Structures are given as structure tokens and as C-alpha cells.
Amino acid sequence: MTESFHHVTVLLKETVDALAIRPNGVYVDCTLGGGGHSAYLLSHLNSEGHLYAFDQDITAIRHARIKFEKEIQEGKLTLIHANFRYLKQELAAFGVSEVDGILYDLGVSSPQLDDASRGFSYRQDAPLDMRMDRSQDLTAEEIVNTWSFQELQRIFKRYGEEKFSKQVARLIETKRQHHPITHTEELVEIIREAIPAAARRKGGHPAKRVFQAIRIAVNDELGAIEESLSQALSLIKAKGRISVISFQSLEDRIVKVMFKEASSPEQVPSAIPLPADQLPKANFQLINHKPIYPSITEQEENPRSTSAKLRVIERVNEKKE
């Protein structure tokens with residue numbers, strides 16, 4: 001029996017429709033998850049089109065093997081159990097060096113949050129794990145119990161934007177001297193104790209930012225996003241597009257900056273005047289200069305979609321060999 005992997009897909013049609021799907025094109029879903037975006041994308045492809053879907057979580061892959069059994073047998077879908085930071089390497093193994101479109105739905109998925117045993121949630125007690133790829137060695141428990149005060153303070157501030165990062169890191173350091181911190185409930189209580197009462201009464205759950213920071217560190221999420229997006233930009237054909245949904249400011253900042261750089265022409269020194277038709281042109285253009293947000297209806301029906309932002313970019317020039 002396969003583990004449950006129910007997921008309400010955010011910005012489903014907006015993300016896929018923004019790719020301007022070619023029925024016979026080659027596409028990549030870098031974040032398969034529950035398969036919502038993949039299913040909708042596959043519905044646009046004919047027998048010549050193909051989708052490669054990545055996920056580092058074996059539970060998602062197992063679920064997809066059943067959900068998409070027909071499409072796999074028809075040769076329209078290939079599942080890849082790997083972190084999307086290995087995008088080029090994994091596609092090269094299938095002889096793919098360029099594609100028509102790529103999509104990302106970043107962050108932790110609903111099934112991972114809802115499965116208490118995974119340790120992602122601060123609302124359910126579970127072992128401190130937080131690994132998206134359960135075959136990797138580094139866990140949240142190891143970070144909490146072995147990383148130095150300086151390292152903890154750094155990730156809480158940088159990845160969680162936690163104002164009381166020093167206080168939380170210091171109390172963790174003190175508590176773990178008596179016994180290891182092994183469960184989410186224990187960590188939540190330490191965070192509550194470290195944060196002043198007035199601050200706990202506003203800004204959502206007091207453990208939210210620290211849990212986010214630890215999860216990002218466990219899975220090296222920001223490093224993986226930057227590596228993967230860089231590869232994605234080099235894989236896209238002319239008129240091909242990349243759609244990215246982000247859920248928090250650190251993710252969105254990486255996407256925004258990388259898309260801005262890719263869509264900006266190379267600067268020519270002012271001392272070298274050139275005619276307008278000889279000025280360097282950008283290889284990409286932004287499809288939406290401001291992010292696309294979920295509709296009010298979607299936000300009401302799926303509260304987890306509230307913070308979602310969609311950015312889309314298109315290659316306008318032929319790739320240079």
C-alpha cells in the first residue's frame with residue numbers, strides 16, 4: 001500500500017498556462033509533489049509531448065507511479081527521484097539538453113506538513129527530522145543538538161528572519177546540555193520560552209520562523225533553488241518559459257534577482273557609443289513584471305496559498321552554442 005499524498009495544488013492553471021504549452025513539447029516539473037501541476041500539464045500534451053517530473057521525496061514518486069500509471073506506460077511521463085539541483089545531470093541521462101518549459105512549486109508540500117512523522121510541523125509532536133529526502137544523513141535533530149550557538153543564530157536570522165534569533169539559539173544551547181532535544185513539541189516549548197511574551201502574541205505561531213529556518217538548513221533549499229534555476233535558464237529553448245511559485249521572501253528574492261539579471265542586456269561602456277540596432281539584447285524577458293497572486297477565492301479555499309507568488313520568464317533569443 002502506498003502512503004497517502006493528497007495535495008491541494010496552488011495556482012494550478014496560472015502556473016501551467018503561463019508556460020504556453022506546445023502539445024508536442026518537452027517539459028519539466030521540478031517539484032512533482034502530489035502531481036497536480038503535472039496532471040494538468042500532461043492534459044495539454046499529445047503523443048509526441050513529454051514531461052519529466054522530479055521529486056527528492058520517495059513518497060511522492062511512489063504515489064505518482066500509481067496516479068500516472070497510464071501516462072508512464074504511454075511514454076508521456078518520466079519520473080525522476082532526485083533533488084532538482086541535479087536538473088541538467090538527470091536530464092542528460094535521458095539525452096535531453098534543451099526543453100520547452102520548466103515549472104517549480106517551491107517549499108514544503110502539504111503532504112509533508114500533514115504527515116506528523118516527518119517533523120516539519122510545529123503543530124504536531126514528532127521526532128525532529130524535516131528531511132525531504134529521507135535517505136540523506138542530516139536531520140533537524142542533528143542541527144538542533146550539534147550546531148554551535150553561532151551557527152544556530154545565523155540560520156534563525158538569515159533563513160527565518162527571526163528577531164529573537166540570539167535568545168532562541170542561546171536557550172537551545174542551554175537546554176541541550178541537560179539532555180538531547182529530540183521532538184518538535186520540546187523545541188516549540190523552548191522557542192516559546194525564549195521569545196518575550198509580548199512578541200508571542202503577534203505575528204502568528206512563535207515557532208514558525210525557527211522551524212522554517214531549520215527546514216531550509218536541513219534541505220539546503222536556497223542553495224538548491226539557485227543552482228537549479230541557473231541550470232533551468234540554460235536549458236530553455238527560444239520561446240520557452242519558466243514558471244516559479246515561491247512561498248516566502250527568501251525564495252522569492254532569489255527568483256526575482258535571477259530573473260532580473262537574465263532579462264537585463266549586457267551593459268556597454270558609455271565611452272563606446274553604438275547604434276540602437278547594435279546594442280546587446282537580453283536573452284530573456286519577464287512575462288509578468290510583478291508577481292501573480294492566488295485569487296481571493298483560492299486563498300479562502302486553501303489558506304496555505306495566501307503567501308504564494310508566481311513569476312514567469314521567457315527566452316527570446318536562440319541559445320548560443
# chains A, B, ... in the order shown; residues from 1 in each chain; ligands from 1
>>> select_by_dssp(residues="region 122-246 of chain A", states="strand (DSSP E)", output="VMD selection string")
chain A and resid 236 to 246
>>> closest_atom_pairs(of="region 68-148 of chain A", to="region 23-47 of chain A", cutoff="7 Å", atoms="only C-alpha atoms", output="CSV")
residue,atom,partner,partner_atom,distance
A:Lys76,CA,A:Ser47,CA,6.9
A:Phe84,CA,A:Cys30,CA,5.7
A:Val99,CA,A:Val26,CA,5.2
A:Asp100,CA,A:Val26,CA,5.4
A:Gly101,CA,A:Tyr27,CA,4.9
A:Ile102,CA,A:Val28,CA,4.7
A:Leu103,CA,A:Asp29,CA,5.1
A:Tyr104,CA,A:Cys30,CA,5.3
A:Asp105,CA,A:Thr31,CA,5.7
A:Ser109,CA,A:Gly33,CA,6.5
>>> residues_around(residues="region 207-224 of chain A", least_positions_apart="3", cutoff="6 Å", atoms="only C-alpha atoms", output="PyMOL selection string")
chain A and resi 85+130+139+155-156+159-160+162+188+227-228
>>> write_last_selection(atoms="N, CA, C and O atoms", output="PDB file, in the first residue's frame")
ATOM      1  N   ARG A  85      18.323  20.182  -7.924  1.00  0.00           N
ATOM      2  CA  ARG A  85      19.621  20.811  -8.125  1.00  0.00           C
ATOM      3  C   ARG A  85      20.464  19.998  -9.121  1.00  0.00           C
ATOM      4  O   ARG A  85      21.483  20.465  -9.611  1.00  0.00           O
ATOM      5  N   MET A 130      12.543  16.520   9.433  1.00  0.00           N
ATOM      6  CA  MET A 130      12.455  17.585   8.423  1.00  0.00           C
ATOM      7  C   MET A 130      13.209  17.290   7.127  1.00  0.00           C
ATOM      8  O   MET A 130      13.421  18.200   6.316  1.00  0.00           O
ATOM      9  N   THR A 139      19.689  15.703   9.741  1.00  0.00           N
ATOM     10  CA  THR A 139      18.318  15.877  10.210  1.00  0.00           C
ATOM     11  C   THR A 139      18.225  17.134  11.066  1.00  0.00           C
ATOM     12  O   THR A 139      19.236  17.713  11.477  1.00  0.00           O
ATOM     13  N   ILE A 155      21.401  30.840  11.147  1.00  0.00           N
ATOM     14  CA  ILE A 155      20.311  30.322  10.306  1.00  0.00           C
ATOM     15  C   ILE A 155      18.959  30.851  10.749  1.00  0.00           C
ATOM     16  O   ILE A 155      18.087  31.100   9.910  1.00  0.00           O
ATOM     17  N   PHE A 156      18.757  31.032  12.070  1.00  0.00           N
ATOM     18  CA  PHE A 156      17.474  31.566  12.540  1.00  0.00           C
ATOM     19  C   PHE A 156      17.257  32.984  12.008  1.00  0.00           C
ATOM     20  O   PHE A 156      16.143  33.346  11.623  1.00  0.00           O
ATOM     21  N   TYR A 159      17.610  32.568   7.590  1.00  0.00           N
ATOM     22  CA  TYR A 159      16.593  31.756   6.924  1.00  0.00           C
ATOM     23  C   TYR A 159      15.192  31.918   7.517  1.00  0.00           C
ATOM     24  O   TYR A 159      14.205  31.639   6.855  1.00  0.00           O
ATOM     25  N   GLY A 160      15.124  32.357   8.780  1.00  0.00           N
ATOM     26  CA  GLY A 160      13.821  32.521   9.416  1.00  0.00           C
ATOM     27  C   GLY A 160      13.455  33.966   9.660  1.00  0.00           C
ATOM     28  O   GLY A 160      12.324  34.264  10.018  1.00  0.00           O
ATOM     29  N   GLU A 162      14.160  35.670  12.090  1.00  0.00           N
ATOM     30  CA  GLU A 162      13.701  35.673  13.470  1.00  0.00           C
ATOM     31  C   GLU A 162      14.403  36.786  14.256  1.00  0.00           C
ATOM     32  O   GLU A 162      15.619  36.809  14.382  1.00  0.00           O
ATOM     33  N   VAL A 188       9.387  23.463  20.320  1.00  0.00           N
ATOM     34  CA  VAL A 188       8.384  24.535  20.330  1.00  0.00           C
ATOM     35  C   VAL A 188       8.346  25.209  21.699  1.00  0.00           C
ATOM     36  O   VAL A 188       8.295  26.444  21.802  1.00  0.00           O
ATOM     37  N   GLU A 227      21.049  26.914  -7.657  1.00  0.00           N
ATOM     38  CA  GLU A 227      21.730  26.014  -8.591  1.00  0.00           C
ATOM     39  C   GLU A 227      20.781  25.561  -9.694  1.00  0.00           C
ATOM     40  O   GLU A 227      21.141  25.541 -10.873  1.00  0.00           O
ATOM     41  N   SER A 228      19.573  25.168  -9.312  1.00  0.00           N
ATOM     42  CA  SER A 228      18.624  24.624 -10.276  1.00  0.00           C
ATOM     43  C   SER A 228      18.137  25.677 -11.268  1.00  0.00           C
ATOM     44  O   SER A 228      18.051  25.424 -12.468  1.00  0.00           O
TER      45      SER A 228
END
>>> closest_residue(among="A:Asp57, A:Glu193, A:Glu314, A:Glu48", to="Ser135 (chain A)", atoms="only C-alpha atoms")
A:Asp57
>>> closest_residue(among="A:Ile190, A:Ala92, A:Phe259, A:Thr184", to="Ser121 (chain A)", atoms="only C-alpha atoms")
A:Thr184
>>> select_by_dssp(residues="region 112-311 of chain A", states="alpha helix (DSSP H)", output="MDAnalysis selection string")
chainID A and resid 112:114 140:146 149:160 165:175 184:194 197:200 208:219 221:235 249:262 296:301
>>> residues_around(residues="region 263-267 of chain A", least_positions_apart="3", cutoff="9 Å", atoms="only C-alpha atoms", output="list in words")
Met258, Phe259, Lys260, Ser270, Leu279, Pro280, Lys281, Ala282, Asn283, Phe284, Gln285, Leu286, Ile313, Glu314 and Arg315 of chain A
>>> write_last_selection(atoms="N, CA and C atoms", output="JSON list (two decimals), in the first residue's frame")
[["chain", "number", "residue", "atom", "x", "y", "z"],
["A", 258, "MET", "N", 17.46, 36.57, -9.97],
["A", 258, "MET", "CA", 17.98, 35.78, -11.09],
["A", 258, "MET", "C", 17.22, 36.07, -12.38],
["A", 259, "PHE", "N", 15.90, 36.26, -12.28],
["A", 259, "PHE", "CA", 15.11, 36.59, -13.46],
["A", 259, "PHE", "C", 15.44, 38.00, -13.97],
["A", 260, "LYS", "N", 15.67, 38.92, -13.04],
["A", 260, "LYS", "CA", 16.02, 40.29, -13.45],
["A", 260, "LYS", "C", 17.36, 40.31, -14.17],
["A", 270, "SER", "N", 29.79, 53.50, -21.51],
["A", 270, "SER", "CA", 29.28, 54.73, -22.14],
["A", 270, "SER", "C", 30.30, 55.34, -23.10],
["A", 279, "LEU", "N", 23.12, 47.45, -30.10],
["A", 279, "LEU", "CA", 23.21, 47.31, -28.65],
["A", 279, "LEU", "C", 22.87, 45.87, -28.25],
["A", 280, "PRO", "N", 23.54, 45.35, -27.23],
["A", 280, "PRO", "CA", 23.25, 43.98, -26.78],
["A", 280, "PRO", "C", 21.79, 43.84, -26.35],
["A", 281, "LYS", "N", 21.22, 42.70, -26.67],
["A", 281, "LYS", "CA", 19.83, 42.42, -26.29],
["A", 281, "LYS", "C", 19.80, 41.32, -25.24],
["A", 282, "ALA", "N", 18.85, 41.41, -24.35],
["A", 282, "ALA", "CA", 18.71, 40.39, -23.30],
["A", 282, "ALA", "C", 18.25, 39.08, -23.91],
["A", 283, "ASN", "N", 18.68, 37.97, -23.31],
["A", 283, "ASN", "CA", 18.26, 36.65, -23.79],
["A", 283, "ASN", "C", 16.87, 36.27, -23.31],
["A", 284, "PHE", "N", 16.41, 36.95, -22.26],
["A", 284, "PHE", "CA", 15.12, 36.62, -21.67],
["A", 284, "PHE", "C", 14.27, 37.87, -21.48],
["A", 285, "GLN", "N", 12.96, 37.67, -21.35],
["A", 285, "GLN", "CA", 12.06, 38.76, -20.98],
["A", 285, "GLN", "C", 11.11, 38.28, -19.89],
["A", 286, "LEU", "N", 10.76, 39.18, -18.98],
["A", 286, "LEU", "CA", 9.81, 38.86, -17.93],
["A", 286, "LEU", "C", 8.41, 38.85, -18.51],
["A", 313, "ILE", "N", 9.28, 33.75, -16.77],
["A", 313, "ILE", "CA", 10.26, 34.34, -17.68],
["A", 313, "ILE", "C", 10.30, 33.54, -18.98],
["A", 314, "GLU", "N", 10.64, 34.21, -20.08],
["A", 314, "GLU", "CA", 10.68, 33.56, -21.40],
["A", 314, "GLU", "C", 12.00, 33.86, -22.10],
["A", 315, "ARG", "N", 12.59, 32.82, -22.72],
["A", 315, "ARG", "CA", 13.79, 33.06, -23.53],
["A", 315, "ARG", "C", 13.35, 33.65, -24.86]]
>>> residues_around(residues="Ile72 (chain A)", least_positions_apart="3", cutoff="12 Å", atoms="only C-alpha atoms", output="number ranges by chain")
A: 39, 42, 47, 50-53, 64-69, 75-80
>>> residues_around(residues="region 291-302 of chain A", least_positions_apart="5", cutoff="7 Å", atoms="only C-alpha atoms", output="PyMOL selection string")
chain A and resi 11+308-311
>>> atom_distance(atom1="CA of Arg22 (chain A)", atom2="CA of Lys290 (chain A)")
24.8 Å
>>> closest_residue(among="A:Gly119, A:Arg62, A:Thr9, A:Lys163", to="Arg200 (chain A)", atoms="only C-alpha atoms")
A:Lys163
